>>> print(open('work.pdb').read())   # PDB, C-alpha atoms
ATOM      1  CA  MET A  20       0.000   0.000   0.000
ATOM      2  CA  THR A  21       1.289   3.452  -0.813
ATOM      3  CA  ALA A  22       1.752   6.221   1.721
ATOM      4  CA  THR A  23      -1.229   8.059   0.256
ATOM      5  CA  GLY A  24      -3.364   4.943   0.488
ATOM      6  CA  SER A  25      -2.449   4.300   4.102
ATOM      7  CA  LEU A  26      -3.093   7.951   4.995
ATOM      8  CA  PHE A  27      -6.502   7.715   3.346
ATOM      9  CA  ALA A  28      -7.259   4.499   5.249
ATOM     10  CA  LEU A  29      -6.137   6.037   8.542
ATOM     11  CA  SER A  30      -8.254   9.132   7.906
ATOM     12  CA  THR A  31     -11.298   7.018   7.068
ATOM     13  CA  VAL A  32     -10.888   4.968  10.232
ATOM     14  CA  SER A  33     -10.443   8.184  12.223
ATOM     15  CA  ALA A  34     -13.629   9.685  10.780
ATOM     16  CA  LEU A  35     -15.642   6.546  11.537
ATOM     17  CA  GLY A  36     -14.104   6.373  14.996
ATOM     18  CA  GLY A  37     -15.025  10.014  15.575
ATOM     19  CA  LEU A  38     -18.580   9.328  14.466
ATOM     20  CA  LEU A  39     -18.946   6.338  16.777
ATOM     21  CA  PHE A  40     -17.278   8.123  19.672
ATOM     22  CA  GLY A  41     -19.464  11.166  19.082
ATOM     23  CA  LEU A  42     -22.638   9.096  19.095
ATOM     24  CA  GLY A  43     -21.625   7.565  22.414
ATOM     25  CA  TYR A  44     -20.675  10.976  23.762
ATOM     26  CA  PHE A  45     -24.023  12.528  22.915
ATOM     27  CA  ILE A  46     -25.963   9.524  24.211
ATOM     28  CA  ALA A  47     -24.097   9.954  27.500
ATOM     29  CA  LEU A  48     -24.857  13.682  27.417
ATOM     30  CA  ARG A  49     -28.555  12.972  27.034
ATOM     31  CA  ARG A  50     -28.394  10.534  29.952
ATOM     32  CA  THR A  51     -26.626  13.157  32.061
ATOM     33  CA  VAL A  52     -29.319  15.729  31.324
ATOM     34  CA  GLU A  53     -32.077  13.216  32.161
ATOM     35  CA  VAL A  54     -30.448  12.388  35.496
ATOM     36  CA  PHE A  55     -29.895  16.052  36.359
ATOM     37  CA  VAL A  56     -33.394  17.171  35.370
ATOM     38  CA  GLY A  57     -34.880  14.187  37.185
ATOM     39  CA  GLY A  58     -33.434  15.548  40.411
ATOM     40  CA  ARG A  59     -31.568  12.349  41.255
ATOM     41  CA  GLY A  60     -28.623  14.095  42.809
ATOM     42  CA  ARG A  61     -25.726  16.103  41.547
ATOM     43  CA  LEU A  62     -22.877  13.681  42.018
ATOM     44  CA  LEU A  63     -23.859  11.312  39.191
ATOM     45  CA  PRO A  64     -24.310  14.071  36.586
ATOM     46  CA  ALA A  65     -20.984  15.594  37.634
ATOM     47  CA  ALA A  66     -19.254  12.210  37.346
ATOM     48  CA  LEU A  67     -20.824  11.573  33.931
ATOM     49  CA  THR A  68     -19.711  14.998  32.742
ATOM     50  CA  LEU A  69     -16.139  14.467  33.929
ATOM     51  CA  GLY A  70     -16.130  11.028  32.328
ATOM     52  CA  ARG A  71     -17.324  12.412  28.995
ATOM     53  CA  LEU A  72     -14.700  15.154  29.032
ATOM     54  CA  ALA A  73     -11.931  12.731  29.968
ATOM     55  CA  ALA A  74     -12.993  10.340  27.209
ATOM     56  CA  ALA A  75     -13.038  13.177  24.653
ATOM     57  CA  ILE A  76      -9.558  14.296  25.695
ATOM     58  CA  LEU A  77      -8.230  10.742  25.427
ATOM     59  CA  PHE A  78      -9.899  10.057  22.088
ATOM     60  CA  LEU A  79      -8.786  13.284  20.429
ATOM     61  CA  GLY A  80      -5.338  12.983  21.995
ATOM     62  CA  LEU A  81      -4.989   9.517  20.506
ATOM     63  CA  ALA A  82      -6.073  10.816  17.106
ATOM     64  CA  ALA A  83      -3.549  13.661  17.395
ATOM     65  CA  ARG A  84      -0.731  11.172  17.959
ATOM     66  CA  PHE A  85      -1.351   9.897  14.425
ATOM     67  CA  GLY A  86      -1.085  13.361  12.901
ATOM     68  CA  ALA A  87      -3.090  16.400  11.922
ATOM     69  CA  LEU A  88      -5.223  14.775   9.227
ATOM     70  CA  PRO A  89      -6.470  11.907  11.440
ATOM     71  CA  LEU A  90      -7.211  14.446  14.186
ATOM     72  CA  LEU A  91      -9.208  16.623  11.810
ATOM     73  CA  THR A  92     -11.134  13.699  10.347
ATOM     74  CA  ALA A  93     -11.889  12.369  13.848
ATOM     75  CA  LEU A  94     -13.210  15.809  14.770
ATOM     76  CA  LEU A  95     -15.242  15.859  11.559
ATOM     77  CA  GLY A  96     -16.827  12.524  12.518
ATOM     78  CA  PHE A  97     -17.532  13.857  16.011
ATOM     79  CA  LEU A  98     -19.214  16.952  14.564
ATOM     80  CA  LEU A  99     -21.293  14.764  12.254
ATOM     81  CA  ALA A 100     -22.451  12.833  15.323
ATOM     82  CA  ARG A 101     -23.357  16.166  16.935
ATOM     83  CA  ALA A 102     -25.494  17.083  13.928
ATOM     84  CA  LEU A 103     -27.238  13.703  14.091
ATOM     85  CA  ALA A 104     -27.851  14.080  17.834
ATOM     86  CA  LEU A 105     -29.317  17.553  17.356
ATOM     87  CA  ARG A 106     -31.572  16.304  14.592
ATOM     88  CA  ALA A 107     -32.813  13.468  16.800
ATOM     89  CA  ALA A 108     -33.385  15.854  19.718
ATOM     90  CA  ARG A 109     -35.413  18.208  17.542
ATOM     91  CA  ARG A 110     -37.634  15.369  16.384
ATOM     92  CA  ILE A 111     -38.340  14.369  19.983
ATOM     93  CA  ALA A 112     -39.061  17.930  21.167
TER      94      ALA A 112
END
>>> encode(input="work.pdb", output="structure tokens")
Amino acid sequence: MTATGSLFALSTVSALGGLLFGLGYFIALRRTVEVFVGGRGRLLPAALTLGRLAAAILFLGLAARFGALPLLTALLGFLLARALALRAARRIA
């Protein structure tokens, strides 16, 4: 495989990874909001928030270790997941 081909493959995997990570992130965000609005304490929502932020830092840090293009494509996948989550939230509301 050529260098261009492997870079393309790595970027594709990063984008799909960003999409999957983003979907999980926004599902966890929705769960956090439900717990907080439900009045079931403040410790669990705080822990979920810290967990989400830590996971995002680790995921994007890992993508950055592979270079700028994988980081950008991972972020692109994450932003696509955000758009999907917003669309789903608007349909529910």
>>> closest_residue(input="work.pdb", among="A:Leu42, A:Leu48, A:Leu90, A:Ala104", to="A:Leu69", atoms="only C-alpha atoms")
A:Leu48
>>> closest_residue(input="work.pdb", among="A:Leu99, A:Gly37, A:Leu105, A:Arg50", to="A:Ala65", atoms="all atoms listed in the file")
A:Arg50
>>> residues_around(input="work.pdb", residues="A:Thr92", least_positions_apart="2", cutoff="10 Å", atoms="all atoms listed in the file", output="tab-separated table (two decimals) with C-alpha atoms, keeping the file's coordinate frame")
chain	number	residue	atom	x	y	z
A	29	LEU	CA	-6.14	6.04	8.54
A	30	SER	CA	-8.25	9.13	7.91
A	31	THR	CA	-11.30	7.02	7.07
A	32	VAL	CA	-10.89	4.97	10.23
A	33	SER	CA	-10.44	8.18	12.22
A	34	ALA	CA	-13.63	9.68	10.78
A	35	LEU	CA	-15.64	6.55	11.54
A	36	GLY	CA	-14.10	6.37	15.00
A	37	GLY	CA	-15.02	10.01	15.58
A	38	LEU	CA	-18.58	9.33	14.47
A	82	ALA	CA	-6.07	10.82	17.11
A	87	ALA	CA	-3.09	16.40	11.92
A	88	LEU	CA	-5.22	14.78	9.23
A	89	PRO	CA	-6.47	11.91	11.44
A	90	LEU	CA	-7.21	14.45	14.19
A	94	LEU	CA	-13.21	15.81	14.77
A	95	LEU	CA	-15.24	15.86	11.56
A	96	GLY	CA	-16.83	12.52	12.52
A	97	PHE	CA	-17.53	13.86	16.01
A	98	LEU	CA	-19.21	16.95	14.56
>>> resolve_selection(input="work.pdb", expression="the PyMOL selection byres ((chain A and resi 64) around 8)", output="list in words")
Thr51, Val52, Val54, Phe55, Gly60, Arg61, Leu62, Leu63, Ala65, Ala66, Leu67 and Thr68 of chain A
>>> atom_distance(input="work.pdb", atom1="atom CA of A:Leu77", atom2="atom CA of A:Glu53")
24.9 Å
>>> atom_distance(input="work.pdb", atom1="atom CA of A:Leu72", atom2="atom CA of A:Tyr44")
9.0 Å
>>> atom_distance(input="work.pdb", atom1="atom CA of A:Gly24", atom2="atom CA of A:Leu81")
20.6 Å
>>> closest_residue(input="work.pdb", among="A:Thr23, A:Leu39, A:Ala28, A:Arg49", to="A:Ala107", atoms="all atoms listed in the file")
A:Arg49
>>> closest_residue(input="work.pdb", among="A:Thr21, A:Gly43, A:Phe27, A:Val56", to="A:Ala100", atoms="all atoms listed in the file")
A:Gly43
>>> closest_residue(input="work.pdb", among="A:Arg106, A:Leu79, A:Ala112, A:Ser25", to="A:Ala93", atoms="only C-alpha atoms")
A:Leu79
